[in-house]
>>> print(open('model15.txt').read())   # compact mmCIF, C-alpha atoms and all ligand atoms
# COMPACT_ATOMS: atom_id res chain seq x y z
CA MET A 158 87.28 90.35 104.55
CA SER A 159 84.04 90.78 102.70
CA ARG A 160 85.73 92.39 99.74
CA HIS A 161 88.25 89.67 99.05
CA THR A 162 87.17 87.92 95.87
CA ASP A 163 88.88 85.80 93.31
CA GLY A 164 89.38 88.72 90.93
CA GLY A 165 87.09 91.24 89.32
CA ALA A 166 85.87 94.42 90.93
CA THR A 167 84.81 94.16 94.55
CA ILE A 168 82.81 97.38 94.28
CA ALA A 169 81.21 99.04 91.29
CA LEU A 170 79.16 102.23 91.48
CA ARG A 171 78.61 105.51 89.61
CA SER A 172 80.20 108.83 90.43
CA ASP A 173 77.98 111.91 90.49
CA ASP A 174 78.80 112.59 86.80
CA GLY A 175 77.93 109.00 85.82
CA SER A 176 81.49 107.64 85.52
CA LEU A 177 81.96 103.99 86.46
CA ILE A 178 83.96 103.65 89.70
CA GLU A 179 85.38 100.20 90.44
CA ILE A 180 87.67 99.00 93.23
CA TYR A 181 89.93 95.98 92.87
CA ASP A 182 91.76 93.99 95.52
CA VAL A 183 95.39 93.62 94.37
CA THR A 184 96.72 91.00 96.80
CA GLY A 185 97.31 87.25 96.77
CA GLY A 186 97.78 87.14 92.97
CA ARG A 187 94.36 88.67 92.30
CA ASN A 188 94.02 91.36 89.64
CA ALA A 189 97.75 91.19 88.95
CA SER A 190 97.28 93.13 85.71
CA PHE A 191 96.85 96.26 87.88
CA VAL A 192 100.15 95.94 89.75
CA ASP A 193 102.17 98.05 87.30
CA ALA A 194 99.49 100.77 87.27
CA MET A 195 99.44 100.80 91.09
CA CYS A 196 103.23 101.14 91.25
CA ASP A 197 103.11 103.91 88.65
CA LEU A 198 100.47 105.84 90.63
CA HIS A 199 102.53 105.33 93.76
CA CYS A 200 105.81 106.59 92.25
CA ARG A 201 104.11 109.67 90.82
CA SER A 202 102.27 110.45 94.08
CA PHE A 203 105.12 109.73 96.50
CA PRO A 204 108.46 110.43 94.78
CA GLU A 205 110.23 110.23 98.18
CA HIS A 206 108.95 106.66 98.70
CA ILE A 207 109.67 105.04 95.36
CA PHE A 208 111.40 102.20 97.24
CA ALA A 209 107.97 101.08 98.52
CA ALA A 210 107.01 99.89 95.01
CA ASP A 211 108.92 96.66 95.70
CA GLY A 212 106.66 96.12 98.72
CA ILE A 213 103.58 96.65 96.53
CA ARG A 214 104.80 93.90 94.19
CA PHE A 215 105.53 91.59 97.12
CA ASP A 216 102.12 92.15 98.72
CA ALA A 217 100.40 91.71 95.34
CA ARG A 218 101.75 88.15 95.20
CA GLU A 219 101.41 87.12 98.84
CA ASN A 220 98.40 85.95 100.81
CA PRO A 221 96.99 89.13 102.48
CA LEU A 222 96.36 87.18 105.69
CA ARG A 223 99.53 87.31 107.75
CA GLU A 224 100.11 86.40 111.39
CA GLY A 225 97.92 89.03 113.07
CA ILE A 226 97.72 91.36 110.08
CA ILE A 227 95.43 91.71 107.06
CA VAL A 228 97.22 93.49 104.21
CA HIS A 229 95.07 95.73 101.98
CA GLN A 230 96.01 96.94 98.50
CA TRP A 231 93.12 98.40 96.55
CA LEU A 232 93.13 99.99 93.14
CA LEU A 233 90.30 102.29 92.06
CA THR A 234 89.49 102.75 88.38
CA VAL A 235 87.33 105.42 86.73
CA ASN A 236 85.78 104.18 83.49
CA GLY A 237 88.43 101.45 83.51
CA HIS A 238 91.42 103.79 84.02
CA PRO A 239 93.59 103.24 87.13
CA THR A 240 93.03 106.47 89.08
CA ALA A 241 93.59 105.92 92.80
CA TYR A 242 95.04 103.41 95.22
CA SER A 243 95.09 102.71 98.93
CA LEU A 244 97.57 100.67 100.99
CA ALA A 245 96.91 99.86 104.65
CA ASP A 246 97.08 97.07 107.20
CA THR A 247 94.41 95.92 109.58
CA ASN A 248 96.64 95.12 112.53
CA LEU A 249 94.68 92.66 114.65
CA VAL A 250 97.27 92.55 117.44
CA ARG A 251 97.59 96.33 117.95
CA ARG A 252 93.86 96.69 117.09
CA THR A 253 94.61 99.60 114.80
CA VAL A 254 94.80 100.38 111.09
CA PRO A 255 98.05 101.96 109.90
CA ILE A 256 97.40 103.70 106.58
CA HIS A 257 100.54 103.52 104.47
CA PHE A 258 99.61 105.36 101.27
CA LEU A 259 96.52 106.72 99.56
CA ALA A 260 96.44 108.88 96.45
CA VAL A 261 94.17 110.01 93.65
CA ALA A 262 95.64 111.04 90.27
CA GLU A 263 95.60 114.84 90.27
CA ALA A 264 93.41 115.21 87.17
CA SER A 265 90.63 113.12 88.78
CA ARG A 266 90.45 114.74 92.23
CA THR A 267 87.48 116.93 91.29
CA ILE A 268 85.30 113.87 90.58
CA THR A 269 82.66 113.50 93.28
CA VAL A 270 80.95 110.38 94.64
CA GLU A 271 77.87 110.67 96.85
CA GLY A 272 78.60 114.43 96.96
CA GLU A 273 82.18 114.03 98.25
CA ARG A 274 85.49 114.53 96.48
CA LEU A 275 86.82 111.22 95.23
CA GLY A 276 89.80 111.22 97.65
CA THR A 277 87.63 111.90 100.70
CA TRP A 278 85.06 109.30 99.61
CA PHE A 279 87.73 106.68 98.88
CA LEU A 280 89.49 107.17 102.23
CA ARG A 281 86.20 107.00 104.14
CA ASP A 282 84.97 103.97 102.21
CA SER A 283 88.31 102.15 102.58
CA LEU A 284 88.49 102.88 106.29
CA ARG A 285 85.03 101.50 106.91
CA GLN A 286 86.23 98.11 105.70
CA TYR A 287 89.68 98.25 107.32
CA LEU A 288 88.19 99.23 110.69
CA ASP A 289 85.46 96.60 110.48
CA ASP A 290 88.21 94.02 110.35
CA THR A 291 89.69 95.18 113.70
CA GLY A 292 86.44 94.32 115.48
CA GLU A 293 84.29 96.43 117.78
CA GLN A 294 87.03 97.28 120.25
CA GLY A 295 89.44 98.64 117.63
CA LEU A 296 91.49 101.77 118.34
CA GLY A 297 90.86 103.45 114.98
CA ALA A 298 93.30 104.31 112.19
CA CYS A 299 96.73 105.94 112.28
CA ALA A 300 99.15 107.46 109.79
CA GLU A 301 102.56 109.08 109.55
CA THR A 302 102.61 112.35 107.66
CA PRO A 303 104.89 115.33 107.14
CA ASP A 304 103.45 118.50 108.69
CA TYR A 305 102.83 120.10 105.31
CA LYS A 306 100.25 117.43 104.50
CA LEU A 307 98.25 117.80 107.72
CA SER A 308 95.69 119.89 105.79
CA ILE A 309 94.65 116.69 104.00
CA PHE A 310 93.76 114.96 107.24
CA LEU A 311 92.87 117.36 110.05
CA PRO A 312 89.65 118.69 108.41
CA ASN A 313 88.47 115.07 108.12
CA GLY A 314 88.44 114.14 111.82
CA TRP A 315 92.08 113.06 112.23
CA ARG A 316 93.96 114.24 115.34
CA LEU A 317 97.60 115.01 115.88
CA LEU A 318 99.00 112.72 118.59
CA PRO A 319 101.09 114.71 121.11
CA VAL A 320 104.40 112.94 120.58
CA THR A 321 107.71 113.65 118.85
CA TYR A 322 107.61 110.88 116.28
CA LEU A 323 110.37 109.65 113.94
CA GLU A 324 110.07 107.60 110.77
CA PRO A 325 112.92 105.80 109.00
CA ILE A 326 113.51 107.73 105.76
CA HIS A 327 114.08 104.52 103.79
CA GLY A 328 111.11 102.67 105.29
CA SER A 329 111.53 98.91 105.50
CA THR A 330 114.63 99.09 103.23
CA TRP A 331 116.63 100.61 106.11
CA ARG A 332 118.88 97.54 106.36
CA THR A 333 120.38 98.25 102.94
CA ASN A 334 119.88 102.03 102.71
CA GLY A 335 120.59 103.09 106.29
CA LEU A 336 118.57 103.98 109.36
CA ASP A 337 118.32 107.74 108.83
CA THR A 338 115.22 109.23 110.40
CA ARG A 339 113.10 112.33 110.10
CA GLU A 340 110.51 113.86 112.36
CA VAL A 341 106.94 113.57 111.04
CA ALA A 342 103.51 113.77 112.62
CA LEU A 343 101.81 110.66 114.00
CA ILE A 344 98.08 111.15 113.48
CA TRP A 345 95.04 109.23 114.62
CA LEU A 346 91.48 108.80 113.44
CA PRO A 347 89.38 107.68 116.43
CA PRO A 348 86.91 104.86 115.79
CA PRO A 349 83.38 105.96 114.89
CA GLY A 350 81.33 107.07 117.89
CA VAL A 351 84.28 107.63 120.25
CA GLN A 352 84.18 111.08 121.92
CA VAL A 353 87.87 111.66 122.60
CA GLU A 354 87.27 114.69 124.85
CA SER A 355 85.31 112.56 127.30
CA ILE A 356 88.10 109.93 127.60
CA PRO A 357 91.25 111.91 128.55
CA SER A 358 93.40 108.78 128.88
CA ILE A 359 92.66 107.47 125.39
CA GLU A 360 95.38 109.26 123.41
CA PRO A 361 98.27 107.83 125.49
CA THR A 362 96.65 104.39 125.09
CA VAL A 363 96.67 104.73 121.32
CA MET A 364 100.19 106.15 120.87
CA GLY A 365 102.17 102.97 121.62
CA PRO A 366 100.12 100.62 119.41
CA ALA A 367 100.02 103.21 116.60
CA ALA A 368 103.80 103.70 116.70
CA ALA A 369 104.47 99.95 116.97
CA SER A 370 102.20 99.18 114.01
CA PHE A 371 104.60 101.19 111.84
CA LEU A 372 108.00 100.93 113.53
CA ILE A 373 107.95 97.29 114.66
CA ASP A 374 105.37 95.62 112.42
CA MET A 375 105.86 97.45 109.10
CA TYR A 376 109.52 98.53 109.19
CA ASP A 377 110.72 95.64 111.36
CA LEU A 378 112.84 97.91 113.56
CA ASP A 379 114.38 96.50 116.69
CA GLY A 380 112.61 97.35 119.94
CA THR A 381 115.96 97.76 121.69
CA ILE A 382 116.68 100.96 119.72
CA PRO A 383 116.10 103.64 122.38
CA TRP A 384 113.88 105.97 120.32
CA VAL A 385 111.80 103.01 119.04
CA ALA A 386 111.37 101.73 122.61
CA ALA A 387 110.37 105.19 123.84
CA LEU A 388 107.72 105.60 121.13
CA CYS A 389 106.24 102.11 121.47
CA GLY A 390 106.23 102.11 125.30
CA ALA A 391 104.58 99.21 127.12
CA THR A 392 103.24 97.82 123.83
CA LEU A 393 106.69 96.30 123.28
CA GLY A 394 106.20 93.85 126.13
CA GLY A 395 103.10 92.31 124.54
CA PRO A 396 102.53 89.99 121.59
CA ARG A 397 103.55 91.15 118.12
CA PRO A 398 102.21 90.22 114.71
CA ASN A 399 104.39 89.02 111.85
CA ARG A 400 103.76 90.80 108.57
CA GLN A 401 106.22 88.56 106.73
CA GLN A 402 104.44 85.35 107.69
CA SER A 403 101.50 84.30 105.50
CA ARG A 404 98.88 82.11 107.10
CA ARG A 405 98.42 78.85 105.30
CA ILE A 406 94.72 79.07 104.59
CA SER A 407 93.01 79.15 101.25
CA LEU A 408 91.17 82.29 100.20
C1 LIG B 1 95.11 112.67 99.57
C2 LIG B 1 94.26 113.07 98.37
C3 LIG B 1 93.65 111.83 97.75
C4 LIG B 1 93.14 113.97 98.87
O1 LIG B 1 92.43 114.41 97.76
P1 LIG B 1 91.26 115.49 97.91
O2 LIG B 1 90.29 115.01 98.93
O3 LIG B 1 90.74 115.78 96.56
O4 LIG B 1 91.91 116.75 98.56
P2 LIG B 1 92.96 117.77 97.94
O5 LIG B 1 93.87 117.12 96.96
O6 LIG B 1 92.21 118.98 97.50
O7 LIG B 1 93.81 118.08 99.24
C5 LIG B 1 93.23 118.56 100.46
C6 LIG B 1 94.17 119.59 101.02
O8 LIG B 1 95.47 119.00 101.18
C7 LIG B 1 96.44 119.71 100.42
N1 LIG B 1 97.35 118.76 99.75
C8 LIG B 1 97.02 117.73 98.94
N2 LIG B 1 98.13 117.08 98.52
C9 LIG B 1 99.16 117.72 99.07
C10 LIG B 1 100.56 117.55 99.00
N3 LIG B 1 101.12 116.56 98.29
N4 LIG B 1 101.33 118.42 99.69
C11 LIG B 1 100.76 119.40 100.42
N5 LIG B 1 99.46 119.63 100.52
C12 LIG B 1 98.67 118.79 99.86
C13 LIG B 1 95.66 120.47 99.37
O9 LIG B 1 96.34 121.65 98.97
C14 LIG B 1 94.38 120.79 100.10
O10 LIG B 1 94.56 121.88 100.97
P3 LIG B 1 93.55 123.12 100.95
O11 LIG B 1 92.21 122.51 101.28
O12 LIG B 1 94.09 124.02 101.99
O13 LIG B 1 93.62 123.64 99.55
C15 LIG B 1 95.09 113.82 97.30
O14 LIG B 1 95.46 115.06 97.81
C16 LIG B 1 96.35 113.07 96.88
O15 LIG B 1 96.27 112.09 96.17
N6 LIG B 1 97.53 113.57 97.30
C17 LIG B 1 98.82 112.98 96.97
C18 LIG B 1 99.10 111.76 97.85
C19 LIG B 1 99.06 112.09 99.32
O16 LIG B 1 99.69 113.03 99.79
N7 LIG B 1 98.29 111.28 100.10
C20 LIG B 1 98.07 111.52 101.51
C21 LIG B 1 99.02 110.81 102.38
S1 LIG B 1 98.71 109.05 102.49
>>> encode(input="model15.txt", output="structure tokens", more="lines below")
Ligand SMILES: CC(C)(COP(=O)(O)OP(=O)(O)OC[C@H]1O[C@@H](n2cnc3c(N)ncnc32)[C@H](O)[C@@H]1OP(=O)(O)O)[C@@H](O)C(=O)NCCC(=O)NCCS
Amino acid sequence: MSRHTDGGATIALRSDDGSLIEIYDVTGGRNASFVDAMCDLHCRSFPEHIFAADGIRFDARENPLREGIIVHQWLLTVNGHPTAYSLADTNLVRRTVPIHFLAVAEASRTITVEGERLGTWFLRDSLRQYLDDTGEQGLGACAETPDYKLSIFLPNGWRLLPVTYLEPIHGSTWRTNGLDTREVALIWLPPPGVQVESIPSIEPTVMGPAAASFLIDMYDLDGTIPWVAALCGATLGGPRPNRQQSRRISL
């Protein structure tokens, strides 16, 4: 939670060409002037998920501390221009970090920070904070992605989980728009220092919590739906967080 402030940039540094890079927390009413820009970046980057802009507006208003979940919405500016954003949850119950969306405006992707492309740097920097919040025993980060985007992730240490995974096409708006599904990849970024090859049982351990952090906790699907139950496995029998429920504490 070290980056949650009462407004203003939580990070400010220079890119390799001297541009000013700033990152703003857009939750809990902070930095509300960036909400439209974040929604605009989102709709341009993910035309199939325009419906999620309503969720961005909701999370921008609400306390990011929910029952068992910390909601992250960060906007990155370059010389004051909204250029990139990142949406993720630190899920304290599943001990994982589902990444919902991350994008950099196309014209700015060649900018480098500390020698890395802006997108790679931003994802790595964001994850450091999100994973810190899960504590030392965290299971790492996870994401849903269509196969054609695997080339964004796999060169950066992410692994394809060996499971036939479904996502609801209309995300958490499935109640009004229908529960159509499509097959996508469920991918996993192990926590730093974990040698997956030396722990053969670790991937099955991660699959249930990773799936539940999206299907149950983000989309609010019912665990009695057979394909949801199959993907979440034994995780369903345990405690669950409540993303809709803000904790009544002051920031
Ligand atoms: C994710 C992102 C920030 C990464 O930026 P980056 O580090 O500069 O990397 P690139 O944009 O060069 O992409 C890396 C690879 O993924 C591919 N890729 C990027 N966006 C893609 C897309 N929408 N569809 C298919 N492939 C894509 C690139 O072609 C590239 O592949 P290559 O190395 O074989 O040429 C940037 O690609 C982006 O904003 N994409 C749109 C949003 C998105 O898809 N986010 C990821 C899912 S959360």
>>> closest_residue(input="model15.txt", among="A:Gly295, A:Pro396, A:Gly237, A:Pro366", to="Ile178 of chain A", atoms="only C-alpha atoms")
A:Gly237
>>> residues_around(input="model15.txt", residues="segment 383-391 of chain A", least_positions_apart="5", cutoff="8 Å", atoms="all atoms listed in the file", output="list in words")
Tyr322, Met364, Gly365, Pro366, Ala367, Ala368, Ala369, Leu372 and Leu378 of chain A
>>> closest_atom_pairs(input="model15.txt", of="chain A", to="ligand LIG 1 (chain B)", cutoff="10 Å", atoms="all atoms listed in the file", output="Markdown table")
| residue | atom | partner | partner_atom | distance |
| --- | --- | --- | --- | --- |
| A:Leu198 | CA | B:LIG1 | O15 | 9.3 |
| A:His199 | CA | B:LIG1 | C18 | 8.4 |
| A:Arg201 | CA | B:LIG1 | C17 | 8.8 |
| A:Ser202 | CA | B:LIG1 | C18 | 5.1 |
| A:Phe203 | CA | B:LIG1 | C18 | 6.5 |
| A:Pro204 | CA | B:LIG1 | C18 | 9.9 |
| A:Thr240 | CA | B:LIG1 | O15 | 9.6 |
| A:Ala241 | CA | B:LIG1 | O15 | 7.5 |
| A:Tyr242 | CA | B:LIG1 | O15 | 8.8 |
| A:Ser243 | CA | B:LIG1 | S1 | 8.1 |
| A:Leu244 | CA | B:LIG1 | S1 | 8.6 |
| A:Ala245 | CA | B:LIG1 | S1 | 9.6 |
| A:Ile256 | CA | B:LIG1 | S1 | 6.9 |
| A:His257 | CA | B:LIG1 | S1 | 6.2 |
| A:Phe258 | CA | B:LIG1 | S1 | 4.0 |
| A:Leu259 | CA | B:LIG1 | S1 | 4.3 |
| A:Ala260 | CA | B:LIG1 | O15 | 3.2 |
| A:Val261 | CA | B:LIG1 | O15 | 3.9 |
| A:Ala262 | CA | B:LIG1 | O15 | 6.0 |
| A:Glu263 | CA | B:LIG1 | O15 | 6.5 |
| A:Ala264 | CA | B:LIG1 | O3 | 9.8 |
| A:Ser265 | CA | B:LIG1 | O3 | 8.2 |
| A:Arg266 | CA | B:LIG1 | O3 | 4.5 |
| A:Thr267 | CA | B:LIG1 | O3 | 6.3 |
| A:Ile268 | CA | B:LIG1 | O3 | 8.3 |
| A:Thr269 | CA | B:LIG1 | O3 | 9.0 |
| A:Glu273 | CA | B:LIG1 | O2 | 8.2 |
| A:Arg274 | CA | B:LIG1 | O3 | 5.4 |
| A:Leu275 | CA | B:LIG1 | O3 | 6.2 |
| A:Gly276 | CA | B:LIG1 | C3 | 3.9 |
| A:Thr277 | CA | B:LIG1 | O2 | 4.5 |
| A:Trp278 | CA | B:LIG1 | O2 | 7.8 |
| A:Phe279 | CA | B:LIG1 | C3 | 7.9 |
| A:Leu280 | CA | B:LIG1 | C3 | 7.7 |
| A:Ala300 | CA | B:LIG1 | S1 | 7.5 |
| A:Glu301 | CA | B:LIG1 | S1 | 8.0 |
| A:Thr302 | CA | B:LIG1 | C21 | 6.6 |
| A:Pro303 | CA | B:LIG1 | C21 | 8.8 |
| A:Asp304 | CA | B:LIG1 | C11 | 8.7 |
| A:Tyr305 | CA | B:LIG1 | C11 | 5.4 |
| A:Lys306 | CA | B:LIG1 | C11 | 4.6 |
| A:Leu307 | CA | B:LIG1 | O8 | 7.2 |
| A:Ser308 | CA | B:LIG1 | O8 | 4.7 |
| A:Ile309 | CA | B:LIG1 | O8 | 3.7 |
| A:Phe310 | CA | B:LIG1 | O8 | 7.5 |
| A:Leu311 | CA | B:LIG1 | O8 | 9.4 |
| A:Pro312 | CA | B:LIG1 | O11 | 8.5 |
| A:Asn313 | CA | B:LIG1 | O2 | 9.4 |
>>> axis_aligned_box(input="model15.txt", around="segment 305-309 of chain A", padding_each_side="4 Å", output="JSON")
{"center_x": 98.7, "center_y": 118.4, "center_z": 105.9, "size_x": 16.2, "size_y": 11.4, "size_z": 11.7}
>>> closest_residue(input="model15.txt", among="A:Thr362, A:Ser403, A:Ser172, A:Thr392", to="Glu271 of chain A", atoms="only C-alpha atoms")
A:Ser172
>>> residues_around(input="model15.txt", residues="segment 223-229 of chain A", least_positions_apart="3", cutoff="9 Å", atoms="all atoms listed in the file", output="compact mmCIF listing (two decimals) with C-alpha atoms, in the coordinates of the input")
# COMPACT_ATOMS: atom_id res chain seq x y z
CA MET A 158 87.28 90.35 104.55
CA ASP A 182 91.76 93.99 95.52
CA VAL A 183 95.39 93.62 94.37
CA THR A 184 96.72 91.00 96.80
CA ASP A 216 102.12 92.15 98.72
CA ASN A 220 98.40 85.95 100.81
CA SER A 243 95.09 102.71 98.93
CA LEU A 244 97.57 100.67 100.99
CA ALA A 245 96.91 99.86 104.65
CA ASP A 246 97.08 97.07 107.20
CA THR A 247 94.41 95.92 109.58
CA ASN A 248 96.64 95.12 112.53
CA LEU A 249 94.68 92.66 114.65
CA VAL A 250 97.27 92.55 117.44
CA ARG A 251 97.59 96.33 117.95
CA TYR A 287 89.68 98.25 107.32
CA ASP A 290 88.21 94.02 110.35
CA ARG A 397 103.55 91.15 118.12
CA PRO A 398 102.21 90.22 114.71
CA ASN A 399 104.39 89.02 111.85
CA ARG A 400 103.76 90.80 108.57
CA GLN A 401 106.22 88.56 106.73
CA GLN A 402 104.44 85.35 107.69
CA SER A 403 101.50 84.30 105.50
CA ARG A 404 98.88 82.11 107.10
CA ARG A 405 98.42 78.85 105.30
>>> atom_distance(input="model15.txt", atom1="atom CA of Glu324 of chain A", atom2="atom CA of Thr338 of chain A")
5.4 Å
>>> atom_distance(input="model15.txt", atom1="atom CA of Arg187 of chain A", atom2="atom CA of Gln286 of chain A")
18.3 Å
>>> residues_around(input="model15.txt", residues="Arg316 of chain A", least_positions_apart="3", cutoff="9 Å", atoms="only C-alpha atoms", output="MDAnalysis selection string")
chainID A and resid 310:311 343:347
>>> residues_near_point(input="model15.txt", point="(107.0, 116.3, 120.6)", cutoff="12 Å", atoms="only C-alpha atoms", output="MDAnalysis selection string")
chainID A and resid 317:323 340:343 388
>>> residues_around(input="model15.txt", residues="Phe191 of chain A", least_positions_apart="3", cutoff="10 Å", atoms="only C-alpha atoms", output="number ranges by chain")
A: 181-183, 187-188, 194-197, 217, 231-234, 239
